[in-house]
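Participant: Structure: upload-v1.txt, compact mmCIF, C-alpha atoms.
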```
# COMPACT_ATOMS: atom_id res chain seq x y z
CA MET A 1 76.20 90.38 134.28
CA ASP A 2 72.61 89.63 133.29
CA ASN A 3 71.78 93.32 133.69
CA VAL A 4 74.66 94.29 131.39
CA LEU A 5 73.55 91.81 128.74
CA THR A 6 70.01 93.16 129.00
CA LEU A 7 71.16 96.76 128.57
CA LEU A 8 73.31 95.89 125.57
CA GLY A 9 70.77 93.52 124.05
CA PHE A 10 68.25 94.09 121.28
CA GLY A 11 65.17 93.54 123.44
CA PRO A 12 62.68 96.15 124.64
CA GLU A 13 64.98 97.21 127.49
CA GLY A 14 68.21 96.98 125.49
CA TRP A 15 70.11 99.65 123.63
CA GLY A 16 71.82 97.36 121.14
CA GLY A 17 69.62 98.38 118.23
CA ALA A 18 70.13 102.11 118.82
CA ILE A 19 73.89 101.70 119.16
CA LEU A 20 74.03 99.59 116.00
CA ARG A 21 72.17 102.34 114.12
CA GLY A 22 74.74 104.77 115.49
CA VAL A 23 77.55 102.64 114.05
CA VAL A 24 75.83 102.71 110.65
CA VAL A 25 75.52 106.51 110.81
CA THR A 26 79.17 106.93 111.85
CA VAL A 27 80.49 104.69 109.07
CA SER A 28 78.12 106.23 106.49
CA LEU A 29 79.23 109.75 107.41
CA ALA A 30 82.93 108.85 107.19
CA LEU A 31 82.48 107.05 103.85
CA ALA A 32 80.42 109.94 102.43
CA THR A 33 83.01 112.48 103.57
CA LEU A 34 86.04 110.58 102.21
CA PRO A 35 85.51 111.08 98.43
CA LEU A 36 84.52 114.72 98.94
CA GLY A 37 87.64 115.39 101.01
CA LEU A 38 89.93 113.53 98.60
CA LEU A 39 88.58 115.34 95.54
CA VAL A 40 88.75 118.81 97.07
CA GLY A 41 92.14 118.06 98.64
CA PHE A 42 93.53 116.95 95.27
CA LEU A 43 92.22 120.08 93.54
CA VAL A 44 93.63 122.31 96.28
CA ALA A 45 97.02 120.58 95.93
CA LEU A 46 96.94 121.24 92.18
CA ALA A 47 96.12 124.89 92.88
CA LYS A 48 98.98 125.20 95.39
CA GLN A 49 101.55 124.03 92.85
CA SER A 50 100.06 125.98 89.96
CA ARG A 51 102.06 128.60 88.05
CA GLU A 52 99.15 131.01 88.56
CA PRO A 53 99.79 133.14 91.70
CA SER A 54 96.08 133.67 92.40
CA LEU A 55 95.46 129.91 92.48
CA ARG A 56 98.39 129.34 94.80
CA MET A 57 97.17 132.09 97.11
CA ALA A 58 93.60 130.69 97.11
CA GLY A 59 94.90 127.21 97.95
CA ASN A 60 97.07 128.53 100.77
CA ILE A 61 94.20 130.57 102.21
CA TYR A 62 91.91 127.53 102.10
CA THR A 63 94.32 125.26 103.95
CA THR A 64 95.24 127.97 106.47
CA ILE A 65 91.58 128.51 107.38
CA PHE A 66 90.50 124.90 107.75
CA ARG A 67 93.72 123.70 109.37
CA GLY A 68 93.67 126.64 111.76
CA LEU A 69 90.05 126.47 112.94
CA PRO A 70 89.02 123.81 115.49
CA GLU A 71 86.93 121.09 113.85
CA LEU A 72 84.03 121.71 116.24
CA LEU A 73 83.96 125.41 115.38
CA THR A 74 84.01 124.59 111.67
CA LEU A 75 81.05 122.28 112.23
CA PHE A 76 79.08 125.01 114.02
CA LEU A 77 79.90 127.55 111.31
CA VAL A 78 78.66 125.23 108.58
CA PHE A 79 75.58 124.00 110.45
CA TYR A 80 74.36 127.39 111.66
CA GLY A 81 76.09 129.84 109.33
CA ALA A 82 75.25 128.05 106.08
CA GLN A 83 71.66 127.72 107.21
CA ILE A 84 71.41 131.48 107.81
CA GLY A 85 73.12 132.28 104.51
CA ILE A 86 70.94 129.96 102.43
CA GLN A 87 67.77 131.25 104.06
CA ALA A 88 68.81 134.84 103.37
CA VAL A 89 69.32 134.04 99.68
CA ILE A 90 66.05 132.11 99.36
CA ARG A 91 64.05 134.86 101.06
CA LEU A 92 65.17 137.27 98.36
CA PHE A 93 62.95 135.29 96.01
CA ASP A 94 60.36 133.94 98.45
CA PRO A 95 60.03 135.90 101.74
CA GLY A 96 57.97 133.14 103.37
CA ALA A 97 60.35 130.28 102.56
CA ALA A 98 62.39 128.50 105.23
CA ILE A 99 65.07 125.85 104.96
CA GLU A 100 66.83 123.67 107.49
CA ILE A 101 70.28 122.18 106.92
CA ASN A 102 70.39 118.43 107.48
CA SER A 103 72.86 117.57 110.25
CA PHE A 104 74.31 114.71 108.18
CA VAL A 105 75.01 117.04 105.24
CA ALA A 106 76.43 119.72 107.55
CA GLY A 107 78.72 117.16 109.16
CA MET A 108 79.85 115.85 105.78
CA VAL A 109 80.65 119.34 104.47
CA ALA A 110 82.43 120.49 107.64
CA LEU A 111 84.49 117.32 108.09
CA GLY A 112 85.14 117.22 104.34
CA ALA A 113 86.56 120.75 104.43
CA VAL A 114 88.90 119.90 107.30
CA PHE A 115 89.90 116.57 105.76
CA SER A 116 90.59 118.16 102.36
CA ALA A 117 92.80 120.85 103.90
CA TYR A 118 95.06 118.21 105.44
CA ALA A 119 94.80 115.89 102.43
CA SER A 120 95.98 118.70 100.16
CA GLU A 121 99.26 118.85 102.09
CA THR A 122 99.66 115.09 101.74
CA PHE A 123 98.99 115.27 98.00
CA LEU A 124 101.33 118.24 97.65
CA SER A 125 104.17 116.35 99.34
CA ALA A 126 103.50 113.37 97.06
CA PHE A 127 103.58 115.61 93.97
CA ARG A 128 106.95 117.01 95.05
CA ALA A 129 108.31 113.49 95.56
CA ILE A 130 107.69 112.59 91.91
CA PRO A 131 110.69 113.55 89.72
CA ARG A 132 110.09 116.15 87.03
CA GLY A 133 111.42 113.65 84.52
CA GLN A 134 108.22 111.62 84.89
CA TYR A 135 106.25 114.51 83.40
CA GLU A 136 108.81 115.08 80.67
CA GLY A 137 108.80 111.39 79.79
CA GLY A 138 105.04 111.46 79.34
CA TYR A 139 105.22 114.51 77.09
CA ALA A 140 108.09 112.94 75.12
CA ILE A 141 105.96 109.97 74.04
CA GLY A 142 103.12 112.25 72.96
CA LEU A 143 100.83 112.20 75.99
CA THR A 144 98.73 115.26 76.75
CA ASP A 145 98.78 116.95 80.15
CA GLY A 146 95.63 115.04 81.19
CA GLN A 147 96.94 111.70 79.95
CA THR A 148 100.29 112.24 81.69
CA MET A 149 98.51 113.02 84.93
CA ARG A 150 96.17 110.03 84.66
CA LEU A 151 98.53 107.38 83.32
CA VAL A 152 101.93 108.39 84.71
CA ILE A 153 101.57 110.66 87.73
CA LEU A 154 98.40 109.49 89.51
CA PRO A 155 99.49 105.83 90.04
CA GLN A 156 102.72 107.03 91.67
CA LEU A 157 100.92 109.78 93.57
CA ILE A 158 98.46 107.35 95.15
CA ARG A 159 101.23 104.99 96.24
CA ILE A 160 103.24 107.80 97.83
CA ALA A 161 100.27 109.55 99.46
CA LEU A 162 98.48 106.46 100.74
CA PRO A 163 100.17 106.16 104.17
CA GLY A 164 99.39 109.81 104.95
CA LEU A 165 95.84 109.49 103.67
CA GLY A 166 95.40 106.38 105.81
CA ASN A 167 96.28 108.41 108.90
CA LEU A 168 93.81 111.09 107.85
CA TRP A 169 91.09 108.45 107.48
CA MET A 170 91.72 107.33 111.06
CA ALA A 171 91.43 110.94 112.22
CA LEU A 172 88.22 111.34 110.20
CA LEU A 173 86.66 108.32 111.91
CA LYS A 174 87.32 109.90 115.31
CA ASP A 175 86.15 113.35 114.18
CA THR A 176 82.73 111.95 113.24
CA ALA A 177 82.01 111.91 116.99
CA LEU A 178 81.75 115.72 116.82
CA VAL A 179 78.48 115.56 114.88
CA SER A 180 76.72 114.33 118.01
CA VAL A 181 76.59 117.97 119.20
CA ILE A 182 74.34 118.95 116.27
CA GLY A 183 71.91 116.10 116.85
CA LEU A 184 73.14 113.39 114.48
CA ALA A 185 72.53 109.97 116.02
CA ASP A 186 76.03 108.56 115.70
CA ILE A 187 77.83 106.18 118.07
CA LEU A 188 78.67 108.81 120.66
CA ARG A 189 75.20 110.34 120.75
CA GLN A 190 73.42 107.00 121.04
CA THR A 191 75.71 105.77 123.80
CA GLY A 192 75.45 109.15 125.52
CA VAL A 193 71.66 108.97 125.56
CA ALA A 194 71.82 105.40 126.89
CA ALA A 195 74.28 106.49 129.60
CA ARG A 196 72.01 109.33 130.77
CA VAL A 197 68.86 107.21 130.78
CA THR A 198 70.30 104.13 132.46
CA LYS A 199 72.90 105.88 134.68
CA HIS A 200 75.52 103.39 133.41
CA ALA A 201 77.90 105.94 131.90
CA PHE A 202 81.07 103.84 132.14
CA LEU A 203 79.42 100.86 130.48
CA PHE A 204 78.07 102.70 127.45
CA PHE A 205 81.03 105.01 126.93
CA GLY A 206 83.25 101.95 127.23
CA VAL A 207 81.17 100.31 124.49
CA ALA A 208 81.62 103.45 122.37
CA ALA A 209 85.39 103.27 122.88
CA LEU A 210 85.47 99.62 121.85
CA LEU A 211 83.40 100.33 118.74
CA TYR A 212 85.73 103.13 117.61
CA LEU A 213 88.73 100.89 118.25
CA MET A 214 87.15 98.07 116.24
CA LEU A 215 86.51 100.45 113.33
CA ALA A 216 90.12 101.68 113.53
CA ILE A 217 91.51 98.13 113.56
CA LEU A 218 89.33 97.11 110.63
CA SER A 219 90.40 100.24 108.76
CA SER A 220 94.07 99.47 109.38
CA PHE A 221 93.66 96.03 107.79
CA VAL A 222 91.91 97.52 104.76
CA ILE A 223 94.52 100.26 104.37
CA SER A 224 97.34 97.71 104.65
CA ALA A 225 95.70 95.58 101.96
CA ILE A 226 95.36 98.59 99.65
CA GLU A 227 98.99 99.59 100.23
CA GLU A 228 100.12 96.05 99.45
CA ARG A 229 98.08 96.07 96.24
CA THR A 230 99.52 99.41 95.11
CA ARG A 231 103.06 98.08 95.62
CA ARG A 232 102.61 95.07 93.35
CA GLY A 233 104.01 96.84 90.32
CA GLU A 234 106.78 98.58 92.22
CA VAL A 235 110.30 97.63 91.20
CA LYS A 236 112.22 96.10 94.12
CA ARG A 237 115.69 97.46 94.69
```
Translate this structure into structure tokens?

Facilitator:
Amino acid sequence: MDNVLTLLGFGPEGWGGAILRGVVVTVSLALATLPLGLLVGFLVALAKQSREPSLRMAGNIYTTIFRGLPELLTLFLVFYGAQIGIQAVIRLFDPGAAIEINSFVAGMVALGAVFSAYASETFLSAFRAIPRGQYEGGYAIGLTDGQTMRLVILPQLIRIALPGLGNLWMALLKDTALVSVIGLADILRQTGVAARVTKHAFLFFGVAALLYLMLAILSSFVISAIEERTRRGEVKR
């Protein structure tokens, strides 16, 4: 027991500090990815219900690609492919220049693309659940398209889409573990290093499992609180 406490402690022989830094990286990556994924997902949902055929086709192609590719493969394509592409463009102007993609940014972009593809389907279902009369009512009282979307549609959209988006957030938290393969020091990478060095694999991977479960439980409380808040103005039947 003393040995376990030493290994998990914050002393010179403990890995507590490294694991705590991994938790910060994991949470930071998920929080940085969330607004990117929500924004792109919302825009893709708008495109998929647009009257313009080219926009609908572009939205469908986007979701087909990023829902069809494994998340790990998407991460590799962004981390290595984007790096090659950016370097090729830069070398057109400066042959001696070199650039390296930050693993945090690569993880955020890759996970954001996957998250947005699934979020767009959630938003699209929420859009279809809102009666057409809500739009017509907004136009009837003189609201513009933007005002109708912001004041009438969005509050209902958020309330309808929130349970699905909450599930996607849980999936995003778990998917952050994938960035360990490109060198980002998240929970899984830090506990993996500790397991290899100390030969206590079950201990440290068990700690990683508990940390992810704690984050999921905390997230469920926050999501429940947000859902309850969004239902305050809902008319009870």

Participant: Within 10 Å of Phe66 of chain A, counting all atoms listed in the file, which residues show up once you throw out same-chain ones fewer than 6 positions away? Write them as a PyMOL selection string, please.

Facilitator: chain A and resi 74+110-118

Participant: Determine the nearest neighbour of Gly16 of chain A from the options A:Leu39, A:Arg159, A:Arg132, A:Val207, counting all atoms listed in the file.

Facilitator: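 Residue with the minimum atom-to-atom distance to Gly16 of chain A: A:Val207.
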
Participant: Atom CA of Tyr80 of chain A and atom CA of Val179 of chain A, how far apart in Å?

Facilitator: 12.9 Å

Participant: Give me the residues within 8 Å of Gly138 of chain A as a list of chain:residue names, counting all atoms listed in the file and dropping any in the same chain fewer than 6 places off.

Facilitator: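 Here the qualifying residues turn out to be A:Thr144, A:Thr148, A:Val152.
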
Participant: What separation in Å, quoted to one decimal, exists between atom CA of Leu213 of chain A and atom CA of Ala30 of chain A?

Facilitator: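 Interatomic distance, atom CA of Leu213 of chain A to atom CA of Ala30 of chain A: 14.8 Å.
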
Participant: Taking all atoms listed in the file into account, produce a table as JSON lines in which each residue of segment 23-90 of chain A with an atom at most 12 Å from an atom of segment 128-131 of chain A appears once, together with its shortest atom pair and the distance in Å to one decimal, ordered by chain and rising number.

Facilitator:
```
{"residue": "A:Ala45", "atom": "CA", "partner": "A:Arg128", "partner_atom": "CA", "distance": 10.6}
{"residue": "A:Leu46", "atom": "CA", "partner": "A:Arg128", "partner_atom": "CA", "distance": 11.2}
{"residue": "A:Lys48", "atom": "CA", "partner": "A:Arg128", "partner_atom": "CA", "distance": 11.4}
{"residue": "A:Gln49", "atom": "CA", "partner": "A:Arg128", "partner_atom": "CA", "distance": 9.1}
```
